[in-house]
Amino acid sequence: MTCSLELTTLGVRLILSGEPDLIDEVSKLCLELIEGDGVPALEQALLEVAAGQPFAAALAGLTELAVSRSPLLCIHAGVVLGRAGVLAFPGQSGLGKSTLTAALVRAGFGYLSDETLALQRRTGRVARFARPLGLAPDVWELLGVGSPSAADGDGGEERHFRPAAFGRVVPIPNWPDDAPKVSDILLVERGDSPIELHRIGTERAVQELLRRSFNHYREPASSFATAVAVAKQARVWAARYQDAGAFAEQLAAEFGAA
Amino acid sequence: MTHLSILATVSSRYAPSTGVTAEELDDGMCLYHSGRDEVLVLNQTAADVWQLSDGELDLTGIVRQLAGIYATEAEALRADVTAVVDELAGKGYLHEVSESDRSPG
């Protein structure tokens, strides 16, 4: 799948071979995150980033542009909504955030993002960045969205799924007034041991939120204050798990799905 | 830390450096240094030292104040306080205040 640009009488439109609607949806999400809807220069920048790219690369490029330009404090994290508020698990690429996010949404949590905890700096309210979830074939069966044998090519290729394949996307009809706040921050690790979940100090969350931030350098003092305020209002947990599905079920029992 | 470094700092005054932001936590404090892009977590004792490093009190004054707060002998605190100040100054979170910085205003 590759993207191309097509000029129409309605303006420039992005065409993605095979998935034209999906990349349009992602572009719209990016514009929301940048708060640049209706700004032609930003719309053009998004188109140029995605043009000619395979879908995964287009998604990565669009996301990078959006989080770097967003006025919100954007932190690399999986983000879902539970009964008490937002659960966020910041972490580096390869941690399994998308898999855990999908498992949590299947377990009844609301989907906000598999990539970015986007915080309004003044209030700490959480914006939605509900991208398609990129999952490797070895987790499709676990999450009930297909069999690894259905994978393209050598079977190792990641495939992107609309969030609705797993459950509910959280509606935020009136940003920021209707937006939720963070109730729990989980610092997660994968491991062979049984599931562990215990409370830890606020300072660990502050460090991790800033370490995983995409754009704190734009407004360092405000970003620091936001990270501290969000960490202080939340419960902070250290967690270790092996199986994302089992861990998601435990979190649903512990925190209550939305 | 050498004996000399302690002697060199007892009468020195320190203040927060430019670009450093502090936020209180339940059991301590977090500092962010924008130049280093680094977060430093202080326990309650180190946070007390930080808050007293306002450019007015010298090291001896800080030790005396903390001895009063903790109801302990000043000498028992001096080495720890000096170590905290040395570390914060060494990492650029504090800077030494010169007499010209303290001109009456």
# chains A, B, ... in the order shown; residues from 1 in each chain; ligands from 1
>>> interface_residues(of="chain A", to="chain B", cutoff="7 Å", atoms="only C-alpha atoms", output="list in words")
Glu203, Gln207, Pro220, Ala221 and Phe224 of chain A
>>> write_last_selection(atoms="N, CA and C atoms", output="PDB file, in the first residue's frame")
ATOM      1  N   GLU A 203       7.114  10.407  42.016  1.00  0.00           N
ATOM      2  CA  GLU A 203       8.296  10.910  41.297  1.00  0.00           C
ATOM      3  C   GLU A 203       8.680   9.998  40.131  1.00  0.00           C
ATOM      4  N   GLN A 207       9.201  11.341  36.193  1.00  0.00           N
ATOM      5  CA  GLN A 207      10.392  11.054  35.384  1.00  0.00           C
ATOM      6  C   GLN A 207      10.016  10.348  34.084  1.00  0.00           C
ATOM      7  N   PRO A 220       9.291  23.854  28.116  1.00  0.00           N
ATOM      8  CA  PRO A 220       9.811  22.970  29.164  1.00  0.00           C
ATOM      9  C   PRO A 220       9.174  23.187  30.540  1.00  0.00           C
ATOM     10  N   ALA A 221       9.070  24.427  30.966  1.00  0.00           N
ATOM     11  CA  ALA A 221       8.548  24.676  32.314  1.00  0.00           C
ATOM     12  C   ALA A 221       7.085  24.257  32.419  1.00  0.00           C
ATOM     13  N   PHE A 224       6.866  20.428  32.428  1.00  0.00           N
ATOM     14  CA  PHE A 224       7.239  19.878  33.734  1.00  0.00           C
ATOM     15  C   PHE A 224       6.090  20.048  34.725  1.00  0.00           C
TER      16      PHE A 224
END
>>> select_by_dssp(residues="stretch 114-224 of chain A", states="alpha helix (DSSP H)", output="number ranges by chain")
A: 137-143, 202-211, 220-224
>>> write_last_selection(atoms="N, CA, C and O atoms", output="PDB file, in the first residue's frame")
ATOM      1  N   PRO A 137       1.370 -10.317  13.692  1.00  0.00           N
ATOM      2  CA  PRO A 137       0.517 -11.501  13.531  1.00  0.00           C
ATOM      3  C   PRO A 137       0.425 -12.376  14.793  1.00  0.00           C
ATOM      4  O   PRO A 137      -0.617 -12.980  15.048  1.00  0.00           O
ATOM      5  N   ASP A 138       1.488 -12.409  15.591  1.00  0.00           N
ATOM      6  CA  ASP A 138       1.449 -13.308  16.750  1.00  0.00           C
ATOM      7  C   ASP A 138       0.446 -12.868  17.818  1.00  0.00           C
ATOM      8  O   ASP A 138       0.166 -13.644  18.742  1.00  0.00           O
ATOM      9  N   VAL A 139      -0.092 -11.660  17.704  1.00  0.00           N
ATOM     10  CA  VAL A 139      -1.096 -11.259  18.690  1.00  0.00           C
ATOM     11  C   VAL A 139      -2.511 -11.220  18.109  1.00  0.00           C
ATOM     12  O   VAL A 139      -3.466 -10.996  18.841  1.00  0.00           O
ATOM     13  N   TRP A 140      -2.643 -11.448  16.807  1.00  0.00           N
ATOM     14  CA  TRP A 140      -3.981 -11.384  16.204  1.00  0.00           C
ATOM     15  C   TRP A 140      -4.913 -12.424  16.837  1.00  0.00           C
ATOM     16  O   TRP A 140      -6.043 -12.132  17.183  1.00  0.00           O
ATOM     17  N   GLU A 141      -4.386 -13.628  16.970  1.00  0.00           N
ATOM     18  CA  GLU A 141      -5.209 -14.716  17.496  1.00  0.00           C
ATOM     19  C   GLU A 141      -5.588 -14.442  18.950  1.00  0.00           C
ATOM     20  O   GLU A 141      -6.729 -14.635  19.363  1.00  0.00           O
ATOM     21  N   LEU A 142      -4.590 -13.961  19.701  1.00  0.00           N
ATOM     22  CA  LEU A 142      -4.807 -13.623  21.107  1.00  0.00           C
ATOM     23  C   LEU A 142      -5.956 -12.638  21.258  1.00  0.00           C
ATOM     24  O   LEU A 142      -6.765 -12.725  22.180  1.00  0.00           O
ATOM     25  N   LEU A 143      -6.033 -11.688  20.317  1.00  0.00           N
ATOM     26  CA  LEU A 143      -7.036 -10.630  20.410  1.00  0.00           C
ATOM     27  C   LEU A 143      -8.266 -10.910  19.557  1.00  0.00           C
ATOM     28  O   LEU A 143      -9.162 -10.082  19.460  1.00  0.00           O
ATOM     29  N   THR A 202       5.096   8.964  43.262  1.00  0.00           N
ATOM     30  CA  THR A 202       4.744   9.922  42.211  1.00  0.00           C
ATOM     31  C   THR A 202       5.944  10.320  41.363  1.00  0.00           C
ATOM     32  O   THR A 202       5.830  10.539  40.149  1.00  0.00           O
ATOM     33  N   GLU A 203       7.114  10.407  42.016  1.00  0.00           N
ATOM     34  CA  GLU A 203       8.296  10.910  41.297  1.00  0.00           C
ATOM     35  C   GLU A 203       8.680   9.998  40.131  1.00  0.00           C
ATOM     36  O   GLU A 203       9.195  10.469  39.113  1.00  0.00           O
ATOM     37  N   ARG A 204       8.388   8.717  40.268  1.00  0.00           N
ATOM     38  CA  ARG A 204       8.711   7.789  39.171  1.00  0.00           C
ATOM     39  C   ARG A 204       7.876   8.119  37.933  1.00  0.00           C
ATOM     40  O   ARG A 204       8.340   8.026  36.791  1.00  0.00           O
ATOM     41  N   ALA A 205       6.627   8.489  38.172  1.00  0.00           N
ATOM     42  CA  ALA A 205       5.753   8.833  37.045  1.00  0.00           C
ATOM     43  C   ALA A 205       6.204  10.133  36.382  1.00  0.00           C
ATOM     44  O   ALA A 205       6.196  10.247  35.154  1.00  0.00           O
ATOM     45  N   VAL A 206       6.608  11.112  37.196  1.00  0.00           N
ATOM     46  CA  VAL A 206       7.064  12.383  36.625  1.00  0.00           C
ATOM     47  C   VAL A 206       8.255  12.130  35.701  1.00  0.00           C
ATOM     48  O   VAL A 206       8.309  12.628  34.562  1.00  0.00           O
ATOM     49  N   GLN A 207       9.201  11.341  36.193  1.00  0.00           N
ATOM     50  CA  GLN A 207      10.392  11.054  35.384  1.00  0.00           C
ATOM     51  C   GLN A 207      10.016  10.348  34.084  1.00  0.00           C
ATOM     52  O   GLN A 207      10.515  10.686  33.012  1.00  0.00           O
ATOM     53  N   GLU A 208       9.133   9.372  34.183  1.00  0.00           N
ATOM     54  CA  GLU A 208       8.785   8.589  32.997  1.00  0.00           C
ATOM     55  C   GLU A 208       7.954   9.416  32.005  1.00  0.00           C
ATOM     56  O   GLU A 208       8.158   9.323  30.783  1.00  0.00           O
ATOM     57  N   LEU A 209       7.044  10.219  32.515  1.00  0.00           N
ATOM     58  CA  LEU A 209       6.225  11.047  31.612  1.00  0.00           C
ATOM     59  C   LEU A 209       7.114  11.987  30.803  1.00  0.00           C
ATOM     60  O   LEU A 209       6.929  12.144  29.592  1.00  0.00           O
ATOM     61  N   LEU A 210       8.088  12.591  31.453  1.00  0.00           N
ATOM     62  CA  LEU A 210       8.956  13.519  30.719  1.00  0.00           C
ATOM     63  C   LEU A 210       9.946  12.771  29.827  1.00  0.00           C
ATOM     64  O   LEU A 210      10.262  13.213  28.722  1.00  0.00           O
ATOM     65  N   ARG A 211      10.426  11.625  30.305  1.00  0.00           N
ATOM     66  CA  ARG A 211      11.365  10.836  29.485  1.00  0.00           C
ATOM     67  C   ARG A 211      10.697  10.395  28.187  1.00  0.00           C
ATOM     68  O   ARG A 211      11.334  10.320  27.142  1.00  0.00           O
ATOM     69  N   PRO A 220       9.291  23.854  28.116  1.00  0.00           N
ATOM     70  CA  PRO A 220       9.811  22.970  29.164  1.00  0.00           C
ATOM     71  C   PRO A 220       9.174  23.187  30.540  1.00  0.00           C
ATOM     72  O   PRO A 220       8.770  22.225  31.202  1.00  0.00           O
ATOM     73  N   ALA A 221       9.070  24.427  30.966  1.00  0.00           N
ATOM     74  CA  ALA A 221       8.548  24.676  32.314  1.00  0.00           C
ATOM     75  C   ALA A 221       7.085  24.257  32.419  1.00  0.00           C
ATOM     76  O   ALA A 221       6.675  23.619  33.398  1.00  0.00           O
ATOM     77  N   SER A 222       6.308  24.596  31.407  1.00  0.00           N
ATOM     78  CA  SER A 222       4.895  24.213  31.406  1.00  0.00           C
ATOM     79  C   SER A 222       4.731  22.696  31.320  1.00  0.00           C
ATOM     80  O   SER A 222       3.857  22.110  31.953  1.00  0.00           O
ATOM     81  N   SER A 223       5.604  22.046  30.549  1.00  0.00           N
ATOM     82  CA  SER A 223       5.531  20.586  30.424  1.00  0.00           C
ATOM     83  C   SER A 223       5.847  19.918  31.756  1.00  0.00           C
ATOM     84  O   SER A 223       5.185  18.955  32.159  1.00  0.00           O
ATOM     85  N   PHE A 224       6.866  20.428  32.428  1.00  0.00           N
ATOM     86  CA  PHE A 224       7.239  19.878  33.734  1.00  0.00           C
ATOM     87  C   PHE A 224       6.090  20.048  34.725  1.00  0.00           C
ATOM     88  O   PHE A 224       5.712  19.104  35.426  1.00  0.00           O
TER      89      PHE A 224
END
>>> select_by_dssp(residues="stretch 14-255 of chain A", states="strand (DSSP E or B)", output="PyMOL selection string")
chain A and resi 14-16+54+73-82+86-90+110-113+116-119+125-127+133-135+159-161+169+181-190+196-199+213+235-241
>>> atom_distance(atom1="atom CA of A:Glu249", atom2="atom CA of A:Ile195")
11.1 Å
>>> residues_around(residues="B:Gly92", least_positions_apart="2", cutoff="9 Å", atoms="only C-alpha atoms", output="PyMOL selection string")
chain B and resi 16-17+20+33+36+87-90+94-95
>>> residues_around(residues="A:Gly94", least_positions_apart="6", cutoff="12 Å", atoms="only C-alpha atoms", output="list in words")
His76, Ala77, Gly78, Leu100, Glu115, Gly134, Leu135, Ala136, Glu189 and Arg190 of chain A
>>> residues_around(residues="A:Asp192", least_positions_apart="3", cutoff="10 Å", atoms="only C-alpha atoms", output="tab-separated table (two decimals) with C-alpha atoms, in the first residue's frame")
chain	number	residue	atom	x	y	z
A	195	ILE	CA	1.38	-10.61	37.02
A	240	ARG	CA	4.88	-6.68	35.23
A	241	TYR	CA	3.04	-9.10	33.00
A	242	GLN	CA	3.62	-11.78	30.41
A	243	ASP	CA	0.24	-12.20	28.76
>>> atom_distance(atom1="atom CA of A:Gly91", atom2="atom CA of A:Ala238")
12.2 Å
>>> residues_around(residues="stretch 49-54 of chain B", least_positions_apart="4", cutoff="7 Å", atoms="only C-alpha atoms", output="number ranges by chain")
B: 14-15, 45, 62, 81
